[in-house]
Amino acid sequence: NMLLADFHIHTYYSRGEILPYDALYSPKDVVRRAKQVGLNCIAITDHNTIEGIEEAKAEGKKIGVKVVEGVELSIKYGNKWWEKYDLILLGEKIELKNLKGSLIEVIEKAKAENLITYAPHPFTFYGIKKFVKHVDVVEVFNSNATPLANLRAYLAARKYKKTKIAGSDSHILETLGNVVNEIELEDPLEALRKGKVKIVRKKSTNVSQFKKHQLERFKRVREEAKRYILKDFPKDVEKYELGIFASLARNLAIGLLDKTLENKISTRLFWNLI
(Lines give C-alpha, C1' and ligand atoms only; values in the text may rest on other atoms or scores of the structure.)
Protein backbone atom coordinates (compact mmCIF):
# COMPACT_ATOMS: atom_id res chain seq x y z
CA ASN A 1 0.00 0.00 0.00
CA MET A 2 1.06 3.57 -0.68
CA LEU A 3 2.33 5.36 2.42
CA LEU A 4 0.62 8.65 3.23
CA ALA A 5 2.78 10.55 5.67
CA ASP A 6 3.29 13.57 7.89
CA PHE A 7 6.80 13.90 9.36
CA HIS A 8 6.29 16.87 11.71
CA ILE A 9 3.98 16.10 14.66
CA HIS A 10 4.17 16.89 18.39
CA THR A 11 2.76 15.17 21.50
CA TYR A 12 2.46 16.33 25.10
CA TYR A 13 6.11 15.43 25.61
CA SER A 14 6.93 18.68 23.79
CA ARG A 15 7.52 21.45 26.33
CA GLY A 16 7.25 25.20 25.82
CA GLU A 17 10.03 27.69 26.58
CA ILE A 18 8.08 29.26 29.47
CA LEU A 19 4.94 27.18 29.93
CA PRO A 20 5.27 23.40 30.32
CA TYR A 21 2.72 22.36 27.70
CA ASP A 22 3.45 23.11 24.04
CA ALA A 23 1.42 20.24 22.55
CA LEU A 24 -1.59 18.71 24.23
CA TYR A 25 -2.13 15.05 23.41
CA SER A 26 -0.52 11.70 24.11
CA PRO A 27 1.45 9.72 21.51
CA LYS A 28 -1.33 7.11 21.53
CA ASP A 29 -3.97 9.79 20.83
CA VAL A 30 -1.87 11.18 17.97
CA VAL A 31 -1.40 7.78 16.30
CA ARG A 32 -5.12 7.00 16.55
CA ARG A 33 -6.04 10.38 15.08
CA ALA A 34 -3.54 9.88 12.25
CA LYS A 35 -5.30 6.62 11.37
CA GLN A 36 -8.71 8.36 11.43
CA VAL A 37 -7.62 11.04 8.93
CA GLY A 38 -6.06 8.55 6.52
CA LEU A 39 -2.37 8.75 7.44
CA ASN A 40 -0.52 5.43 7.68
CA CYS A 41 2.96 6.83 8.33
CA ILE A 42 3.92 9.57 10.80
CA ALA A 43 7.00 10.88 12.57
CA ILE A 44 6.81 11.98 16.19
CA THR A 45 9.08 15.03 16.45
CA ASP A 46 8.81 16.35 19.99
CA HIS A 47 11.02 19.19 21.16
CA ASN A 48 14.38 17.90 22.42
CA THR A 49 13.06 14.49 23.52
CA ILE A 50 12.26 11.05 22.14
CA GLU A 51 10.31 10.14 25.28
CA GLY A 52 7.03 9.45 23.47
CA ILE A 53 8.40 7.35 20.61
CA GLU A 54 7.97 3.87 22.09
CA GLU A 55 4.35 4.52 23.10
CA ALA A 56 3.61 5.78 19.59
CA LYS A 57 5.33 2.81 17.93
CA ALA A 58 3.42 0.33 20.09
CA GLU A 59 0.08 1.90 19.19
CA GLY A 60 1.07 2.17 15.54
CA LYS A 61 1.90 -1.52 15.42
CA LYS A 62 -1.55 -2.36 16.79
CA ILE A 63 -3.55 -0.29 14.30
CA GLY A 64 -1.35 -0.25 11.20
CA VAL A 65 0.40 3.13 11.34
CA LYS A 66 4.14 3.18 10.69
CA VAL A 67 5.86 5.45 13.24
CA VAL A 68 9.21 6.99 12.34
CA GLU A 69 11.51 8.01 15.18
CA GLY A 70 12.17 11.75 15.19
CA VAL A 71 13.06 14.76 17.29
CA GLU A 72 12.93 18.54 16.81
CA LEU A 73 16.10 19.91 18.37
CA SER A 74 16.44 23.48 19.62
CA ILE A 75 20.03 24.47 18.94
CA LYS A 76 21.08 27.62 20.80
CA TYR A 77 23.20 30.34 19.21
CA GLY A 78 22.74 33.04 21.88
CA ASN A 79 21.74 33.58 25.50
CA LYS A 80 18.10 34.60 25.04
CA TRP A 81 15.40 31.94 24.97
CA TRP A 82 14.41 32.72 21.39
CA GLU A 83 17.98 32.64 20.04
CA LYS A 84 17.82 29.12 18.68
CA TYR A 85 17.51 27.12 15.48
CA ASP A 86 14.99 24.32 15.01
CA LEU A 87 16.26 21.17 13.31
CA ILE A 88 14.38 17.89 12.88
CA LEU A 89 16.23 14.58 12.80
CA LEU A 90 14.67 11.32 11.61
CA GLY A 91 16.15 7.84 11.79
CA GLU A 92 16.05 4.24 12.96
CA LYS A 93 17.60 5.10 16.34
CA ILE A 94 18.38 8.56 17.70
CA GLU A 95 20.94 8.99 20.47
CA LEU A 96 20.43 12.52 21.79
CA LYS A 97 23.59 12.48 23.93
CA ASN A 98 25.67 12.38 20.74
CA LEU A 99 23.97 15.39 19.16
CA LYS A 100 25.52 18.42 20.85
CA GLY A 101 27.23 21.52 19.46
CA SER A 102 26.54 24.23 16.92
CA LEU A 103 23.98 23.79 14.13
CA ILE A 104 26.60 22.68 11.60
CA GLU A 105 28.23 20.36 14.13
CA VAL A 106 24.90 18.71 14.93
CA ILE A 107 24.09 18.30 11.23
CA GLU A 108 27.47 16.65 10.62
CA LYS A 109 27.10 14.33 13.65
CA ALA A 110 23.57 13.38 12.61
CA LYS A 111 24.67 12.48 9.09
CA ALA A 112 27.54 10.42 10.50
CA GLU A 113 24.92 8.40 12.42
CA ASN A 114 22.84 7.93 9.24
CA LEU A 115 20.07 10.26 10.43
CA ILE A 116 18.06 12.40 8.04
CA THR A 117 18.47 16.13 8.62
CA TYR A 118 15.28 18.09 8.01
CA ALA A 119 14.75 21.86 8.07
CA PRO A 120 11.30 22.66 9.53
CA HIS A 121 9.74 26.07 8.71
CA PRO A 122 13.22 27.30 7.65
CA PHE A 123 12.24 30.94 7.07
CA THR A 124 10.37 31.60 10.33
CA PHE A 125 11.84 32.90 13.63
CA TYR A 126 13.52 29.64 14.57
CA GLY A 127 14.23 28.51 11.03
CA ILE A 128 17.74 27.70 9.86
CA LYS A 129 17.41 29.99 6.81
CA LYS A 130 20.67 30.05 4.78
CA PHE A 131 21.80 26.78 6.36
CA VAL A 132 19.19 24.82 4.38
CA LYS A 133 21.93 23.99 1.91
CA HIS A 134 23.45 21.65 4.54
CA VAL A 135 20.36 19.47 5.23
CA ASP A 136 18.76 16.55 3.39
CA VAL A 137 15.10 17.59 3.49
CA VAL A 138 13.38 21.00 3.43
CA GLU A 139 9.85 21.62 4.66
CA VAL A 140 8.51 23.76 1.83
CA PHE A 141 5.04 23.96 3.38
CA ASN A 142 4.39 24.25 7.11
CA SER A 143 0.74 24.56 8.15
CA ASN A 144 1.61 27.23 10.74
CA ALA A 145 3.93 29.33 8.58
CA THR A 146 3.03 32.33 6.45
CA PRO A 147 2.69 31.98 2.66
CA LEU A 148 5.84 34.08 2.23
CA ALA A 149 7.87 31.89 4.60
CA ASN A 150 6.68 28.78 2.74
CA LEU A 151 7.50 30.32 -0.63
CA ARG A 152 11.03 31.19 0.50
CA ALA A 153 11.47 27.61 1.74
CA TYR A 154 10.31 26.24 -1.61
CA LEU A 155 12.69 28.48 -3.58
CA ALA A 156 15.63 27.54 -1.34
CA ALA A 157 14.86 23.82 -1.67
CA ARG A 158 14.68 24.16 -5.44
CA LYS A 159 17.93 26.13 -5.56
CA TYR A 160 19.86 23.54 -3.54
CA LYS A 161 18.02 20.53 -5.04
CA LYS A 162 16.69 19.24 -1.72
CA THR A 163 13.87 16.77 -1.05
CA LYS A 164 10.68 18.84 -0.58
CA ILE A 165 8.01 17.85 1.95
CA ALA A 166 5.08 19.37 3.81
CA GLY A 167 4.64 19.27 7.59
CA SER A 168 1.52 19.97 9.64
CA ASP A 169 3.57 20.89 12.73
CA SER A 170 0.57 19.57 14.66
CA HIS A 171 0.26 20.41 18.35
CA ILE A 172 -3.43 19.44 18.52
CA LEU A 173 -5.33 16.52 17.00
CA GLU A 174 -7.47 18.72 14.75
CA THR A 175 -4.52 19.76 12.54
CA LEU A 176 -3.47 16.19 11.77
CA GLY A 177 -4.35 15.61 8.14
CA ASN A 178 -3.63 19.21 7.13
CA VAL A 179 -0.74 17.86 5.05
CA VAL A 180 -0.15 14.56 3.28
CA ASN A 181 3.07 13.40 1.62
CA GLU A 182 2.85 10.42 -0.72
CA ILE A 183 5.81 8.10 -0.17
CA GLU A 184 6.91 6.20 -3.27
CA LEU A 185 9.05 3.53 -1.53
CA GLU A 186 8.28 0.97 1.18
CA ASP A 187 10.91 2.51 3.49
CA PRO A 188 9.95 6.13 4.28
CA LEU A 189 13.49 7.06 5.36
CA GLU A 190 14.94 5.76 2.10
CA ALA A 191 12.24 7.63 0.18
CA LEU A 192 13.25 10.88 1.90
CA ARG A 193 16.92 10.26 1.11
CA LYS A 194 16.16 9.62 -2.56
CA GLY A 195 13.55 12.33 -2.99
CA LYS A 196 10.79 9.80 -3.70
CA VAL A 197 8.15 11.94 -2.01
CA LYS A 198 5.24 13.93 -3.43
CA ILE A 199 3.15 16.50 -1.55
CA VAL A 200 -0.51 15.68 -2.20
CA ARG A 201 -2.22 17.87 0.41
CA LYS A 202 -1.24 21.16 2.03
CA LYS A 203 -3.65 23.09 4.18
CA SER A 204 -2.90 25.90 6.62
CA THR A 205 -3.91 25.88 10.27
CA ASN A 206 -7.11 27.91 10.55
CA VAL A 207 -8.02 30.49 13.18
CA SER A 208 -10.26 28.17 15.19
CA GLN A 209 -7.51 25.52 15.33
CA PHE A 210 -4.95 28.10 16.44
CA LYS A 211 -7.35 29.49 19.06
CA LYS A 212 -8.13 26.03 20.41
CA HIS A 213 -4.43 25.19 20.78
CA GLN A 214 -3.67 28.36 22.74
CA LEU A 215 -6.77 28.28 24.95
CA GLU A 216 -6.35 24.60 25.84
CA ARG A 217 -2.67 25.16 26.51
CA PHE A 218 -3.36 28.04 28.91
CA LYS A 219 -6.13 26.13 30.67
CA ARG A 220 -3.71 23.33 31.45
CA VAL A 221 -1.01 25.62 32.76
CA ARG A 222 -3.07 28.24 34.61
CA GLU A 223 -1.18 27.84 37.89
CA GLU A 224 2.25 27.71 36.22
CA ALA A 225 1.44 30.87 34.26
CA LYS A 226 0.26 32.63 37.40
CA ARG A 227 3.45 31.73 39.29
CA TYR A 228 5.58 32.87 36.35
CA ILE A 229 3.88 36.27 36.14
CA LEU A 230 3.76 36.96 39.87
CA LYS A 231 7.42 36.00 40.31
CA ASP A 232 8.94 37.80 37.31
CA PHE A 233 6.47 40.63 36.63
CA PRO A 234 4.70 41.34 39.95
CA LYS A 235 3.93 45.00 39.17
CA ASP A 236 2.09 44.33 35.92
CA VAL A 237 -1.17 43.16 37.43
CA GLU A 238 -1.35 46.20 39.72
CA LYS A 239 0.01 48.85 37.33
CA TYR A 240 -1.85 47.86 34.16
CA GLU A 241 -4.79 46.14 35.84
CA LEU A 242 -4.10 43.16 33.61
CA GLY A 243 -5.25 39.62 34.16
CA ILE A 244 -2.64 36.92 34.41
CA PHE A 245 -2.86 35.84 30.78
CA ALA A 246 -2.95 39.36 29.37
CA SER A 247 0.16 40.11 31.40
CA LEU A 248 1.86 36.98 30.11
CA ALA A 249 0.99 37.91 26.52
CA ARG A 250 2.23 41.47 27.07
CA ASN A 251 5.63 40.31 28.30
CA LEU A 252 6.02 37.72 25.57
CA ALA A 253 5.27 40.48 23.06
CA ILE A 254 7.93 42.70 24.63
CA GLY A 255 10.38 39.85 24.28
CA LEU A 256 9.46 39.39 20.64
CA LEU A 257 9.98 43.10 20.00
CA ASP A 258 13.64 42.79 20.92
CA LYS A 259 15.72 44.52 18.24
CA THR A 260 17.78 41.42 17.60
CA LEU A 261 14.83 39.69 15.91
CA GLU A 262 14.21 40.09 12.20
CA ASN A 263 10.48 40.25 11.66
CA LYS A 264 9.63 43.50 13.45
CA ILE A 265 6.39 44.20 11.56
CA SER A 266 4.47 41.11 12.66
CA THR A 267 5.62 41.46 16.27
CA ARG A 268 4.47 45.06 16.38
CA LEU A 269 1.10 43.97 15.03
CA PHE A 270 0.95 41.34 17.77
CA TRP A 271 1.79 44.01 20.37
CA ASN A 272 -0.98 46.29 19.08
CA LEU A 273 -3.52 43.50 19.12
CA ILE A 274 -3.06 42.88 22.85
# chains A, B, ... in the order shown; residues from 1 in each chain; ligands from 1

call {"tool": "select_by_dssp", "arguments": {"residues": "segment 101-186 of chain A", "states": "strand (DSSP E or B)", "output": "ChimeraX atom specification"}}
result
/A:116-119,137-142,163-167,170,179-183

call {"tool": "residues_around", "arguments": {"residues": "Ile44 of chain A", "least_positions_apart": "3", "cutoff": "8 Å", "atoms": "only C-alpha atoms", "output": "PDB file with N, CA, C and O atoms, in the first residue's frame"}}
result
ATOM      1  N   PHE A   7       5.560  14.102   8.597  1.00  0.00           N
ATOM      2  CA  PHE A   7       6.796  13.895   9.357  1.00  0.00           C
ATOM      3  C   PHE A   7       7.068  14.988  10.393  1.00  0.00           C
ATOM      4  O   PHE A   7       8.188  15.101  10.880  1.00  0.00           O
ATOM      5  N   HIS A   8       6.067  15.782  10.739  1.00  0.00           N
ATOM      6  CA  HIS A   8       6.286  16.866  11.712  1.00  0.00           C
ATOM      7  C   HIS A   8       5.066  16.959  12.628  1.00  0.00           C
ATOM      8  O   HIS A   8       4.113  17.697  12.362  1.00  0.00           O
ATOM      9  N   ILE A   9       5.114  16.199  13.738  1.00  0.00           N
ATOM     10  CA  ILE A   9       3.981  16.101  14.659  1.00  0.00           C
ATOM     11  C   ILE A   9       4.499  16.091  16.098  1.00  0.00           C
ATOM     12  O   ILE A   9       5.499  15.433  16.395  1.00  0.00           O
ATOM     13  N   HIS A  10       3.785  16.801  16.981  1.00  0.00           N
ATOM     14  CA  HIS A  10       4.174  16.892  18.393  1.00  0.00           C
ATOM     15  C   HIS A  10       3.155  16.196  19.292  1.00  0.00           C
ATOM     16  O   HIS A  10       1.966  16.112  18.969  1.00  0.00           O
ATOM     17  N   THR A  11       3.625  15.725  20.453  1.00  0.00           N
ATOM     18  CA  THR A  11       2.759  15.174  21.498  1.00  0.00           C
ATOM     19  C   THR A  11       2.985  15.979  22.777  1.00  0.00           C
ATOM     20  O   THR A  11       3.783  16.914  22.800  1.00  0.00           O
ATOM     21  N   PRO A  27       1.038  10.405  22.736  1.00  0.00           N
ATOM     22  CA  PRO A  27       1.450   9.717  21.509  1.00  0.00           C
ATOM     23  C   PRO A  27       0.380   8.761  21.002  1.00  0.00           C
ATOM     24  O   PRO A  27       0.132   8.667  19.799  1.00  0.00           O
ATOM     25  N   GLY A  52       8.313  10.024  23.868  1.00  0.00           N
ATOM     26  CA  GLY A  52       7.030   9.454  23.468  1.00  0.00           C
ATOM     27  C   GLY A  52       7.089   8.448  22.337  1.00  0.00           C
ATOM     28  O   GLY A  52       6.051   7.893  21.935  1.00  0.00           O
ATOM     29  N   ILE A  53       8.284   8.173  21.818  1.00  0.00           N
ATOM     30  CA  ILE A  53       8.404   7.348  20.614  1.00  0.00           C
ATOM     31  C   ILE A  53       7.899   5.924  20.820  1.00  0.00           C
ATOM     32  O   ILE A  53       7.140   5.386  20.003  1.00  0.00           O
ATOM     33  N   ALA A  56       4.180   5.584  20.923  1.00  0.00           N
ATOM     34  CA  ALA A  56       3.612   5.782  19.588  1.00  0.00           C
ATOM     35  C   ALA A  56       3.835   4.556  18.704  1.00  0.00           C
ATOM     36  O   ALA A  56       2.931   4.118  17.980  1.00  0.00           O
ATOM     37  N   VAL A  67       5.367   4.297  12.480  1.00  0.00           N
ATOM     38  CA  VAL A  67       5.858   5.452  13.240  1.00  0.00           C
ATOM     39  C   VAL A  67       7.362   5.560  13.074  1.00  0.00           C
ATOM     40  O   VAL A  67       8.112   4.631  13.383  1.00  0.00           O
ATOM     41  N   VAL A  68       7.790   6.704  12.553  1.00  0.00           N
ATOM     42  CA  VAL A  68       9.213   6.992  12.344  1.00  0.00           C
ATOM     43  C   VAL A  68       9.741   7.745  13.561  1.00  0.00           C
ATOM     44  O   VAL A  68       9.096   8.683  14.051  1.00  0.00           O
ATOM     45  N   GLU A  69      10.898   7.344  14.037  1.00  0.00           N
ATOM     46  CA  GLU A  69      11.511   8.014  15.184  1.00  0.00           C
ATOM     47  C   GLU A  69      12.050   9.375  14.751  1.00  0.00           C
ATOM     48  O   GLU A  69      12.748   9.495  13.743  1.00  0.00           O
ATOM     49  N   GLY A  70      11.709  10.403  15.531  1.00  0.00           N
ATOM     50  CA  GLY A  70      12.170  11.748  15.195  1.00  0.00           C
ATOM     51  C   GLY A  70      12.311  12.613  16.432  1.00  0.00           C
ATOM     52  O   GLY A  70      11.890  12.257  17.532  1.00  0.00           O
ATOM     53  N   VAL A  71      12.917  13.772  16.224  1.00  0.00           N
ATOM     54  CA  VAL A  71      13.060  14.758  17.291  1.00  0.00           C
ATOM     55  C   VAL A  71      13.244  16.120  16.641  1.00  0.00           C
ATOM     56  O   VAL A  71      13.830  16.228  15.560  1.00  0.00           O
TER      57      VAL A  71
END

call {"tool": "closest_residue", "arguments": {"among": "A:Arg193, A:Arg15, A:Lys164, A:Arg32", "to": "Lys111 of chain A", "atoms": "only C-alpha atoms"}}
result
A:Arg193

call {"tool": "residues_around", "arguments": {"residues": "Ala157 of chain A", "least_positions_apart": "3", "cutoff": "10 Å", "atoms": "only C-alpha atoms", "output": "list of chain:residue names"}}
result
A:Ala119, A:Val132, A:Lys133, A:Val135, A:Asp136, A:Val137, A:Val138, A:Glu139, A:Val140, A:Leu151, A:Arg152, A:Ala153, A:Tyr154, A:Tyr160, A:Lys161, A:Lys162, A:Thr163, A:Lys164, A:Ile165

call {"tool": "atom_distance", "arguments": {"atom1": "atom CA of Gly167 of chain A", "atom2": "atom CA of Lys212 of chain A"}}
result
19.3 Å

call {"tool": "closest_residue", "arguments": {"among": "A:Ser26, A:Asn1, A:Ser170, A:Asn48", "to": "Ala145 of chain A", "atoms": "only C-alpha atoms"}}
result
A:Ser170

call {"tool": "closest_residue", "arguments": {"among": "A:Gly38, A:Val65, A:Ile172, A:Asp6", "to": "Leu192 of chain A", "atoms": "only C-alpha atoms"}}
result
A:Asp6

call {"tool": "residues_around", "arguments": {"residues": "Leu99 of chain A", "least_positions_apart": "5", "cutoff": "8 Å", "atoms": "only C-alpha atoms", "output": "list in words"}}
result
Val106, Lys109 and Ala110 of chain A

call {"tool": "closest_residue", "arguments": {"among": "A:Leu87, A:Ile107, A:Val179, A:Ile94", "to": "Ala166 of chain A", "atoms": "only C-alpha atoms"}}
result
A:Val179

call {"tool": "atom_distance", "arguments": {"atom1": "atom CA of Pro120 of chain A", "atom2": "atom CA of Ile88 of chain A"}}
result
6.6 Å

call {"tool": "atom_distance", "arguments": {"atom1": "atom CA of Ala191 of chain A", "atom2": "atom CA of Met2 of chain A"}}
result
11.9 Å
